[in-house]
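**Q** File follows, work-v9.cif with mmCIF, C-alpha atoms and all ligand atoms:
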```cif
data_final
#
loop_
_atom_site.label_atom_id
_atom_site.label_comp_id
_atom_site.auth_asym_id
_atom_site.auth_seq_id
_atom_site.Cartn_x
_atom_site.Cartn_y
_atom_site.Cartn_z
CA MET A 1 -51.59 80.31 -32.02
CA LYS A 2 -52.75 76.81 -32.71
CA LEU A 3 -54.10 74.72 -29.91
CA LYS A 4 -54.58 71.05 -29.82
CA TYR A 5 -57.30 69.44 -27.84
CA ILE A 6 -55.74 66.68 -25.76
CA THR A 7 -57.71 65.66 -22.76
CA LYS A 8 -60.99 64.14 -22.00
CA PRO A 9 -63.21 64.67 -19.02
CA LYS A 10 -62.16 62.74 -15.97
CA ASN A 11 -64.95 60.28 -16.27
CA PHE A 12 -63.89 59.27 -19.71
CA MET A 13 -64.79 55.66 -20.37
CA ALA A 14 -62.59 53.02 -21.92
CA LYS A 15 -63.33 52.30 -25.54
CA ILE A 16 -64.11 48.72 -26.41
CA ILE A 17 -62.57 47.57 -29.68
CA ALA A 18 -63.82 44.25 -30.99
CA PHE A 19 -61.96 42.23 -33.61
CA ILE A 20 -63.76 40.27 -36.26
CA GLY A 21 -62.42 38.37 -39.21
CA LYS A 22 -62.73 35.15 -41.09
CA PRO A 23 -61.11 32.05 -39.65
CA GLY A 24 -57.42 32.30 -40.44
CA SER A 25 -57.47 36.10 -40.67
CA GLY A 26 -54.95 36.31 -37.84
CA LYS A 27 -57.10 37.75 -35.05
CA ASP A 28 -55.49 35.65 -32.33
CA THR A 29 -51.95 36.37 -33.40
CA VAL A 30 -52.47 40.07 -33.99
CA THR A 31 -54.40 40.80 -30.79
CA LYS A 32 -51.88 38.93 -28.65
CA ILE A 33 -48.97 40.84 -30.15
CA LEU A 34 -50.81 44.11 -29.55
CA ARG A 35 -51.50 43.23 -25.93
CA GLU A 36 -47.79 42.67 -25.31
CA LYS A 37 -46.61 45.58 -27.37
CA LEU A 38 -49.04 48.24 -26.20
CA LYS A 39 -49.70 46.84 -22.72
CA ILE A 40 -53.42 47.07 -23.13
CA PRO A 41 -55.99 44.62 -21.85
CA LEU A 42 -57.24 41.94 -24.19
CA ILE A 43 -60.28 39.80 -23.53
CA VAL A 44 -60.18 36.50 -25.38
CA VAL A 45 -63.69 35.26 -25.01
CA GLY A 46 -62.87 31.54 -25.31
CA ASP A 47 -60.23 31.83 -22.58
CA LEU A 48 -62.56 33.91 -20.45
CA LEU A 49 -65.27 31.24 -20.52
CA ARG A 50 -62.77 28.54 -19.57
CA GLU A 51 -61.48 30.75 -16.75
CA GLU A 52 -64.99 31.19 -15.44
CA VAL A 53 -65.47 27.42 -15.35
CA GLU A 54 -62.15 26.90 -13.58
CA LYS A 55 -62.94 29.50 -10.96
CA GLY A 56 -66.26 27.80 -10.34
CA THR A 57 -68.31 31.01 -10.33
CA GLU A 58 -72.08 30.94 -10.63
CA LEU A 59 -71.88 31.56 -14.34
CA GLY A 60 -69.01 29.12 -14.62
CA LYS A 61 -71.15 26.38 -13.13
CA LYS A 62 -73.88 27.21 -15.60
CA ILE A 63 -71.67 26.91 -18.65
CA ALA A 64 -69.42 24.02 -17.57
CA PRO A 65 -71.78 21.27 -18.80
CA ILE A 66 -72.46 23.16 -22.03
CA ILE A 67 -68.77 23.45 -22.80
CA ALA A 68 -68.18 19.84 -21.76
CA ARG A 69 -70.78 18.72 -24.29
CA GLY A 70 -69.01 20.81 -26.93
CA GLU A 71 -72.06 23.00 -27.42
CA ILE A 72 -72.22 26.71 -27.93
CA VAL A 73 -72.84 28.83 -24.84
CA GLN A 74 -75.95 31.02 -25.12
CA ASP A 75 -75.42 34.59 -26.24
CA GLU A 76 -76.96 36.01 -23.06
CA ILE A 77 -74.52 34.17 -20.82
CA VAL A 78 -71.49 35.02 -22.94
CA ALA A 79 -72.56 38.68 -22.97
CA GLU A 80 -72.93 38.69 -19.21
CA ILE A 81 -69.49 37.20 -18.64
CA VAL A 82 -67.83 39.60 -21.07
CA LYS A 83 -69.62 42.61 -19.55
CA LYS A 84 -68.45 41.61 -16.10
CA LYS A 85 -64.85 41.41 -17.30
CA ILE A 86 -65.10 44.76 -19.08
CA SER A 87 -66.37 46.50 -15.97
CA GLU A 88 -63.41 45.11 -14.03
CA LEU A 89 -60.94 46.40 -16.59
CA LYS A 90 -62.44 49.67 -17.73
CA LYS A 91 -61.47 51.78 -14.75
CA ASP A 92 -57.80 51.62 -15.60
CA ALA A 93 -57.85 51.32 -19.35
CA LYS A 94 -58.30 53.70 -22.23
CA VAL A 95 -59.06 50.90 -24.63
CA ILE A 96 -59.93 47.26 -24.19
CA LEU A 97 -59.47 44.77 -27.00
CA LEU A 98 -62.03 42.06 -27.47
CA ASN A 99 -61.37 38.90 -29.45
CA GLY A 100 -64.16 36.43 -30.07
CA TYR A 101 -67.05 38.80 -29.52
CA PRO A 102 -69.48 39.64 -31.02
CA ARG A 103 -69.93 36.39 -32.91
CA THR A 104 -73.65 36.77 -33.60
CA PRO A 105 -75.96 39.70 -34.30
CA LYS A 106 -77.68 38.92 -31.02
CA GLN A 107 -74.39 39.31 -29.15
CA ALA A 108 -73.84 42.64 -30.84
CA GLU A 109 -77.20 43.75 -29.49
CA LEU A 110 -76.56 42.53 -25.97
CA LEU A 111 -73.25 44.30 -25.65
CA ASP A 112 -72.51 47.27 -27.82
CA VAL A 113 -68.85 47.90 -28.54
CA ASP A 114 -67.35 51.22 -29.62
CA TYR A 115 -65.38 50.06 -32.63
CA VAL A 116 -65.09 46.96 -34.71
CA ILE A 117 -61.85 46.19 -36.47
CA GLU A 118 -62.12 43.65 -39.23
CA LEU A 119 -59.02 41.86 -40.42
CA VAL A 120 -59.95 41.42 -44.04
CA VAL A 121 -58.72 38.45 -46.06
CA SER A 122 -60.07 36.78 -49.16
CA ASP A 123 -61.65 33.32 -49.07
CA GLU A 124 -58.72 32.03 -51.12
CA THR A 125 -56.32 33.21 -48.45
CA VAL A 126 -58.39 31.53 -45.76
CA PHE A 127 -58.26 28.22 -47.62
CA GLU A 128 -54.59 28.54 -48.31
CA ARG A 129 -53.70 29.47 -44.73
CA LEU A 130 -55.84 26.80 -43.09
CA THR A 131 -56.01 23.77 -45.34
CA LEU A 132 -52.25 23.65 -45.83
CA ARG A 133 -51.61 23.86 -42.09
CA ARG A 134 -50.22 20.76 -40.40
CA VAL A 135 -49.32 20.06 -36.77
CA CYS A 136 -47.09 17.61 -35.04
CA PRO A 137 -49.34 15.45 -32.85
CA LYS A 138 -46.53 15.08 -30.33
CA CYS A 139 -44.80 18.45 -29.87
CA LYS A 140 -47.71 20.52 -31.33
CA ARG A 141 -45.39 22.45 -33.60
CA VAL A 142 -47.30 24.11 -36.41
CA TYR A 143 -46.20 23.88 -40.04
CA HIS A 144 -47.55 25.17 -43.31
CA LEU A 145 -46.88 23.11 -46.38
CA LYS A 146 -46.16 26.20 -48.44
CA HIS A 147 -44.84 28.81 -46.01
CA ILE A 148 -43.25 26.84 -43.16
CA PRO A 149 -42.72 23.42 -44.69
CA PRO A 150 -41.11 20.61 -42.70
CA LYS A 151 -37.64 19.60 -43.89
CA GLU A 152 -38.78 16.12 -44.76
CA ASP A 153 -42.02 15.37 -46.46
CA GLU A 154 -44.83 15.88 -43.89
CA LEU A 155 -42.62 14.78 -40.96
CA CYS A 156 -42.00 16.86 -37.85
CA ASP A 157 -38.48 18.27 -37.96
CA VAL A 158 -37.99 17.46 -34.29
CA CYS A 159 -40.00 14.31 -33.63
CA LYS A 160 -39.74 12.79 -37.11
CA ILE A 161 -43.31 11.61 -36.97
CA LYS A 162 -46.07 12.19 -39.47
CA LEU A 163 -47.79 15.56 -39.25
CA ILE A 164 -51.54 15.71 -39.02
CA GLN A 165 -54.22 18.10 -40.17
CA ARG A 166 -56.51 19.49 -37.48
CA GLU A 167 -60.19 18.78 -37.87
CA ASP A 168 -60.89 22.53 -37.99
CA ASP A 169 -58.48 22.98 -40.89
CA LYS A 170 -60.05 20.41 -43.20
CA GLU A 171 -61.53 21.83 -46.35
CA GLU A 172 -65.14 20.92 -45.61
CA VAL A 173 -64.93 22.35 -42.10
CA VAL A 174 -63.27 25.54 -43.34
CA LYS A 175 -66.09 25.92 -45.88
CA TYR A 176 -68.64 25.54 -43.12
CA ARG A 177 -66.83 28.03 -40.85
CA LEU A 178 -66.70 30.57 -43.65
CA LYS A 179 -70.38 30.16 -44.38
CA ARG A 180 -71.19 30.72 -40.72
CA PHE A 181 -68.96 33.78 -40.69
CA TYR A 182 -70.82 35.34 -43.61
CA ASN A 183 -74.23 34.67 -42.08
CA GLU A 184 -73.44 35.92 -38.62
CA ILE A 185 -70.96 38.68 -39.25
CA GLU A 186 -72.56 40.53 -42.13
CA PRO A 187 -75.29 42.11 -39.97
CA ILE A 188 -72.69 43.05 -37.36
CA ARG A 189 -70.54 44.67 -40.03
CA GLU A 190 -73.48 46.65 -41.32
CA LYS A 191 -74.41 47.85 -37.87
CA TYR A 192 -70.99 49.31 -37.21
CA ARG A 193 -70.39 50.46 -40.75
CA SER A 194 -73.56 52.54 -40.62
CA ARG A 195 -72.30 54.42 -37.61
CA ASN A 196 -68.83 54.78 -39.01
CA ALA A 197 -67.28 52.53 -36.41
CA LEU A 198 -66.14 49.68 -38.65
CA ILE A 199 -62.47 49.80 -39.48
CA GLU A 200 -61.26 47.42 -42.14
CA ILE A 201 -57.62 46.42 -42.12
CA ASP A 202 -56.03 44.57 -45.00
CA ALA A 203 -54.84 41.37 -43.39
CA GLU A 204 -53.38 39.79 -46.50
CA LYS A 205 -50.12 41.48 -45.58
CA SER A 206 -47.44 40.24 -43.21
CA VAL A 207 -48.18 40.00 -39.50
CA GLU A 208 -45.86 42.95 -38.83
CA GLU A 209 -47.67 45.14 -41.32
CA VAL A 210 -51.09 44.18 -40.00
CA VAL A 211 -50.02 44.81 -36.41
CA SER A 212 -48.65 48.19 -37.35
CA ALA A 213 -51.84 49.19 -39.16
CA VAL A 214 -54.00 48.13 -36.24
CA GLU A 215 -51.67 49.88 -33.82
CA LYS A 216 -52.14 53.17 -35.66
CA THR A 217 -55.89 52.74 -35.50
CA ILE A 218 -55.78 52.07 -31.77
CA GLU A 219 -53.64 55.13 -31.24
CA LYS A 220 -56.22 57.24 -32.98
CA ILE A 221 -58.97 55.78 -30.87
CA GLN A 222 -56.97 56.30 -27.68
CA GLY A 223 -56.40 59.86 -28.69
CA GLY A 224 -60.08 60.52 -28.64
CA GLY A 225 -63.53 59.36 -29.31
CA ARG A 226 -63.61 59.48 -33.04
CA MET A 227 -61.20 58.74 -35.77
CA LYS A 228 -60.59 62.33 -36.69
CA MET A 229 -60.00 63.35 -33.08
CA LYS A 230 -56.42 64.33 -33.54
CA MET A 231 -57.21 67.21 -35.81
CA ILE A 232 -55.61 70.41 -34.81
CA TYR A 233 -58.08 73.05 -33.84
CA ARG A 234 -57.54 76.70 -33.88
CA VAL A 235 -59.08 78.30 -30.91
CA LEU A 236 -61.02 81.26 -31.93
CA ILE A 237 -61.82 83.52 -29.13
CA GLY A 238 -65.25 83.85 -28.82
CA LEU A 239 -68.66 82.80 -28.48
CA SER A 240 -70.05 80.51 -30.98
CA ALA A 241 -73.55 80.82 -29.75
CA GLY A 242 -73.16 84.53 -29.59
CA ILE A 243 -70.63 84.62 -32.34
CA ASP A 244 -72.50 86.92 -34.63
CA ALA A 245 -72.79 89.32 -31.75
CA ILE A 246 -69.04 89.73 -31.82
CA PHE A 247 -68.24 88.85 -35.38
CA PRO A 248 -70.87 90.31 -37.62
CA SER A 249 -69.69 88.35 -40.59
CA GLY A 250 -67.01 86.00 -41.72
CA ALA A 251 -66.31 84.06 -38.59
CA GLN A 252 -68.75 81.35 -39.43
CA ASP A 253 -66.72 80.50 -42.48
CA ILE A 254 -63.74 79.53 -40.42
CA VAL A 255 -63.56 75.81 -40.16
CA ASN A 256 -61.81 73.64 -37.63
CA SER A 257 -62.18 76.16 -34.92
CA ILE A 258 -63.19 75.70 -31.37
CA SER A 259 -64.87 78.60 -29.83
CA ILE A 260 -65.99 79.37 -26.38
CA SER A 261 -69.69 79.45 -26.47
CA VAL A 262 -71.44 81.36 -23.80
CA GLY A 263 -74.75 82.04 -25.36
CA ARG A 264 -75.96 85.03 -27.26
CA GLU A 265 -76.80 87.12 -24.24
CA ILE A 266 -73.38 86.82 -22.69
CA GLY A 267 -71.86 87.25 -26.12
CA LYS A 268 -73.55 90.59 -26.51
CA GLU A 269 -72.50 91.56 -23.05
CA LEU A 270 -68.89 90.72 -23.80
CA LYS A 271 -68.99 92.67 -26.99
CA GLU A 272 -70.25 95.70 -25.14
CA ARG A 273 -67.38 95.29 -22.73
CA GLY A 274 -64.94 95.41 -25.59
CA ALA A 275 -64.27 91.76 -26.37
CA ASN A 276 -62.84 91.33 -29.81
CA LYS A 277 -61.43 88.67 -32.02
CA ASP A 278 -57.83 89.41 -31.11
CA MET A 279 -58.29 88.54 -27.49
CA SER A 280 -56.77 85.36 -26.18
CA ILE A 281 -58.84 82.63 -24.74
CA LYS A 282 -57.47 83.54 -21.35
CA GLU A 283 -58.53 87.15 -21.68
CA ILE A 284 -61.97 86.03 -22.64
CA PHE A 285 -62.15 83.82 -19.61
CA ASN A 286 -60.94 86.56 -17.36
CA MET A 287 -63.57 88.81 -18.72
CA LEU A 288 -66.19 86.19 -18.09
CA ALA A 289 -64.89 85.66 -14.59
CA GLU A 290 -64.21 89.20 -13.46
CA GLU A 291 -66.68 91.33 -15.29
CA LEU A 292 -69.53 88.94 -15.50
CA LYS A 293 -68.92 87.42 -12.08
CA LEU A 294 -68.73 83.93 -13.45
CA ALA A 295 -65.50 83.11 -11.64
CA ASP A 296 -67.01 80.14 -9.88
CA GLU A 297 -67.90 78.57 -13.13
CA PHE A 298 -64.61 78.83 -14.95
CA GLU A 299 -61.03 78.33 -14.07
CA ILE A 300 -58.22 78.84 -16.49
CA ALA A 301 -54.53 78.18 -16.06
CA GLU A 302 -52.00 78.99 -18.72
CA LYS A 303 -48.80 76.99 -18.62
CA GLU A 304 -45.85 77.12 -20.91
CA ASN A 305 -47.46 75.20 -23.68
CA GLU A 306 -50.82 74.34 -22.29
CA ILE A 307 -54.01 76.04 -21.38
CA GLU A 308 -56.13 74.26 -18.88
CA LEU A 309 -59.79 75.07 -18.66
CA LYS A 310 -62.01 73.86 -15.91
CA ILE A 311 -65.65 74.35 -16.38
CA LYS A 312 -68.10 73.49 -13.72
CA PHE A 313 -71.40 73.48 -15.43
CA CYS A 314 -72.64 72.14 -18.61
CA ASN A 315 -75.56 72.86 -20.76
CA VAL A 316 -76.76 69.32 -20.52
CA CYS A 317 -78.47 70.71 -17.48
CA PRO A 318 -80.12 74.00 -18.33
CA LYS A 319 -78.51 75.82 -15.50
CA LYS A 320 -78.51 79.57 -15.47
CA VAL A 321 -75.20 81.26 -15.08
CA GLY A 322 -75.06 84.74 -13.72
CA GLY A 323 -78.66 85.21 -14.64
CA TYR A 324 -78.05 84.43 -18.29
CA PRO A 325 -79.64 81.40 -19.78
CA ILE A 326 -77.10 79.03 -21.22
CA ARG A 327 -78.17 78.08 -24.66
CA LYS A 328 -78.54 74.44 -25.31
CA THR A 329 -76.24 74.39 -28.23
CA ALA A 330 -74.62 71.18 -29.38
CA CYS A 331 -71.49 70.83 -27.43
CA PRO A 332 -68.66 68.68 -28.65
CA VAL A 333 -66.60 68.77 -25.53
CA GLY A 334 -68.58 67.33 -22.74
CA GLY A 335 -71.83 69.10 -23.18
CA ILE A 336 -70.32 72.18 -21.73
CA ILE A 337 -69.75 75.56 -23.10
CA ILE A 338 -67.27 74.93 -25.82
CA GLY A 339 -69.03 75.19 -29.12
CA ILE A 340 -68.01 74.44 -32.65
CA LEU A 341 -68.30 76.53 -35.68
CA LYS A 342 -69.92 75.59 -38.88
CA GLU A 343 -68.51 72.79 -40.97
CA VAL A 344 -66.83 70.97 -38.15
CA LYS A 345 -69.00 68.01 -37.61
CA GLU A 346 -69.66 67.18 -34.05
CA GLU A 347 -68.44 63.64 -34.53
CA ASP A 348 -65.10 64.95 -35.70
CA TYR A 349 -64.09 65.62 -32.20
CA SER A 350 -66.61 64.48 -29.77
CA PRO A 351 -64.85 62.23 -27.33
CA VAL A 352 -66.96 62.76 -24.45
CA PRO A 353 -69.99 60.91 -24.01
CA GLU A 354 -70.08 60.39 -20.31
CA LEU A 355 -70.03 63.84 -18.81
CA ILE A 356 -72.25 64.12 -15.80
CA PRO A 357 -74.36 67.24 -15.94
CA GLY A 358 -73.09 69.88 -13.58
CA GLU A 359 -69.83 68.09 -12.86
CA GLU A 360 -66.55 69.79 -13.38
CA CYS A 361 -64.97 69.10 -16.69
CA LYS A 362 -61.33 69.71 -17.34
CA ILE A 363 -60.04 70.44 -20.81
CA ILE A 364 -56.45 70.95 -21.74
CA LEU A 365 -55.56 72.66 -24.96
CA ARG A 366 -51.99 72.17 -25.94
CA LYS A 367 -50.24 74.74 -28.01
CA GLU A 368 -48.98 73.29 -31.21
CA VAL A 369 -45.25 73.52 -31.42
ZN ZN B 1 -42.92 17.19 -33.29
#
```
Translate this file's structure into structure tokens.
Ligand SMILES: [Zn+2]
**A**
Amino acid sequence: MKLKYITKPKNFMAKIIAFIGKPGSGKDTVTKILREKLKIPLIVVGDLLREEVEKGTELGKKIAPIIARGEIVQDEIVAEIVKKKISELKKDAKVILLNGYPRTPKQAELLDVDYVIELVVSDETVFERLTLRRVCPKCKRVYHLKHIPPKEDELCDVCKIKLIQREDDKEEVVKYRLKRFYNEIEPIREKYRSRNALIEIDAEKSVEEVVSAVEKTIEKIQGGGRMKMKMIYRVLIGLSAGIDAIFPSGAQDIVNSISISVGREIGKELKERGANKDMSIKEIFNMLAEELKLADEFEIAEKENEIELKIKFCNVCPKKVGGYPIRKTACPVGGIIIGILKEVKEEDYSPVPELIPGEECKIILRKEV
């Protein structure tokens, strides 16, 4: 039977996904479409700062004159405002999208995000997208001389007046914006790349294609903590810490297996009581509960296509169970007693950072159909 790991502990925290990209890479368009399509919260940092000013909050009062002078708000203040918004949203969300942060390495230090998605476009594309953009000064309609040209030469189709080029879209300004991007973003990229949390999406493609690629990435993140979270795991009965007590050889070669790890001592005990590799996870749990009097620590419910495990302790706190020391083995699922066998890297399916030691953790394994 194959089981799929599908739930996270109840105190699972929302993942923060930040978008970076050169000017003209489509961050605004793509994130807004995703917010509507997936109904997930999106923080647009520019809008958030303006909102804060309008509401007249303490921070808003601090930044109002800075914004009025057209200056850049200090990283510390921006970080504080964004953090405040995140804490409001994170209770109800699995993921939160962030557009416009981090903009500087300092910001990336002040507020650490979980993933960074970069919409990757070449410099040529940036120049083409931005410097050929024109707007109608009256109705604000946006044109592109190559892709959405006006019917008549540089005149608004509706207002029939001459289109203008925004200051930000002028070649010199675009050059400057790109230069700033390279200086500020490169260290941020490196930071997240080194921890495998930078996801690069080819944004040369159509908006629909980019949205769909990002959507798939978000789904993966929502499904769990790490990109490979949705792997199917075979549940091996058994006792990874005490695995060699039950399986003298061979078992360690099995990859992609979750095993119930109860520590070597309990493993030996179970073996003496006749546990074997053909037992189901439920039988193992019953044995733990009934024979080893650990019923208070485990609860298992088998439904039609799900097995629900509730585990009340975790080896983050070195609590003794039934007189047996729980080994402090690396635990991928909430620091509790589920262990992994060799060759499955912890990061492959570790979604669970925020388990509170000793708190109940619920895990549902869904049978693969
Ligand atoms: Zn117009």
**Q** Taking only residues of chain A that have an atom at most 12 Å from an atom of ligand ZN 1 (chain B), what is each one's shortest atom pair and its distance in Å to one decimal, using only C-alpha atoms and all ligand atoms, in chain and number order, as a tab-separated table?
**A**
```
residue	atom	partner	partner_atom	distance
A:Arg134	CA	B:ZN1	ZN	10.8
A:Val135	CA	B:ZN1	ZN	7.8
A:Cys136	CA	B:ZN1	ZN	4.5
A:Pro137	CA	B:ZN1	ZN	6.7
A:Lys138	CA	B:ZN1	ZN	5.1
A:Cys139	CA	B:ZN1	ZN	4.1
A:Lys140	CA	B:ZN1	ZN	6.2
A:Arg141	CA	B:ZN1	ZN	5.8
A:Val142	CA	B:ZN1	ZN	8.8
A:Tyr143	CA	B:ZN1	ZN	10.1
A:Pro150	CA	B:ZN1	ZN	10.2
A:Glu154	CA	B:ZN1	ZN	10.9
A:Leu155	CA	B:ZN1	ZN	8.0
A:Cys156	CA	B:ZN1	ZN	4.7
A:Asp157	CA	B:ZN1	ZN	6.5
A:Val158	CA	B:ZN1	ZN	5.0
A:Cys159	CA	B:ZN1	ZN	4.1
A:Lys160	CA	B:ZN1	ZN	6.6
A:Ile161	CA	B:ZN1	ZN	6.7
A:Lys162	CA	B:ZN1	ZN	8.6
A:Leu163	CA	B:ZN1	ZN	7.9
A:Ile164	CA	B:ZN1	ZN	10.5
```
**Q** Pick the closest to Lys94 in chain A from A:Pro41, A:Gly70, A:Pro187, A:Gly56: which is it, counting all atoms listed in the file?
**A**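 Looking only at the distances to Lys94 in chain A, the closest residue turns out to be A:Pro41.
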**Q** Can you pull out the residues contacting Lys179 in chain A? Cut-off 12 Å, using all atoms listed in the file, and skip same-chain residues under 5 positions away; I want them as a tab-separated table (two decimals) with C-alpha atoms, in the coordinates of the input.
**A**
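So the final result, stored in selection_27.tsv, reads:
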```tsv
chain	number	residue	atom	x	y	z
A	22	LYS	CA	-62.73	35.15	-41.09
A	23	PRO	CA	-61.11	32.05	-39.65
A	123	ASP	CA	-61.65	33.32	-49.07
A	172	GLU	CA	-65.14	20.92	-45.61
A	173	VAL	CA	-64.93	22.35	-42.10
A	174	VAL	CA	-63.27	25.54	-43.34
A	184	GLU	CA	-73.44	35.92	-38.62
A	185	ILE	CA	-70.96	38.68	-39.25
A	186	GLU	CA	-72.56	40.53	-42.13
```
**Q** Would you list the contacts of Ile117 in chain A as a list of chain:residue names, taking every protein, DNA or RNA residue within 7 Å and counting only C-alpha atoms, but skipping same-chain residues closer than 2 positions in sequence?
**A** A:Ile17, A:Ala18, A:Phe19, A:Ile20, A:Tyr115, A:Leu119, A:Leu198, A:Ile199, A:Glu200
**Q** Now that the selection is made, can you save its residues with C-alpha atoms as a PDB file, in the coordinates of the input?
**A**
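As written to disk, result_15.pdb reads:
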```pdb
ATOM      1  CA  ILE A  17     -62.570  47.570 -29.680  1.00  0.00           C
ATOM      2  CA  ALA A  18     -63.820  44.250 -30.990  1.00  0.00           C
ATOM      3  CA  PHE A  19     -61.960  42.230 -33.610  1.00  0.00           C
ATOM      4  CA  ILE A  20     -63.760  40.270 -36.260  1.00  0.00           C
ATOM      5  CA  TYR A 115     -65.380  50.060 -32.630  1.00  0.00           C
ATOM      6  CA  LEU A 119     -59.020  41.860 -40.420  1.00  0.00           C
ATOM      7  CA  LEU A 198     -66.140  49.680 -38.650  1.00  0.00           C
ATOM      8  CA  ILE A 199     -62.470  49.800 -39.480  1.00  0.00           C
ATOM      9  CA  GLU A 200     -61.260  47.420 -42.140  1.00  0.00           C
TER      10      GLU A 200
END
```
**Q** Could you check how far CA of Arg193 in chain A sits from CA of Val78 in chain A, in Å to one decimal?
**A**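 Separation between CA of Arg193 in chain A and CA of Val78 in chain A: 23.6 Å.
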**Q** From the set A:Lys55, A:Lys220, A:Lys62, A:Lys27, which residue has the shortest atom-to-atom contact distance to Gln74 in chain A, counting all atoms listed in the file?
**A**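 Of all the options, A:Lys62 lies closest to Gln74 in chain A.
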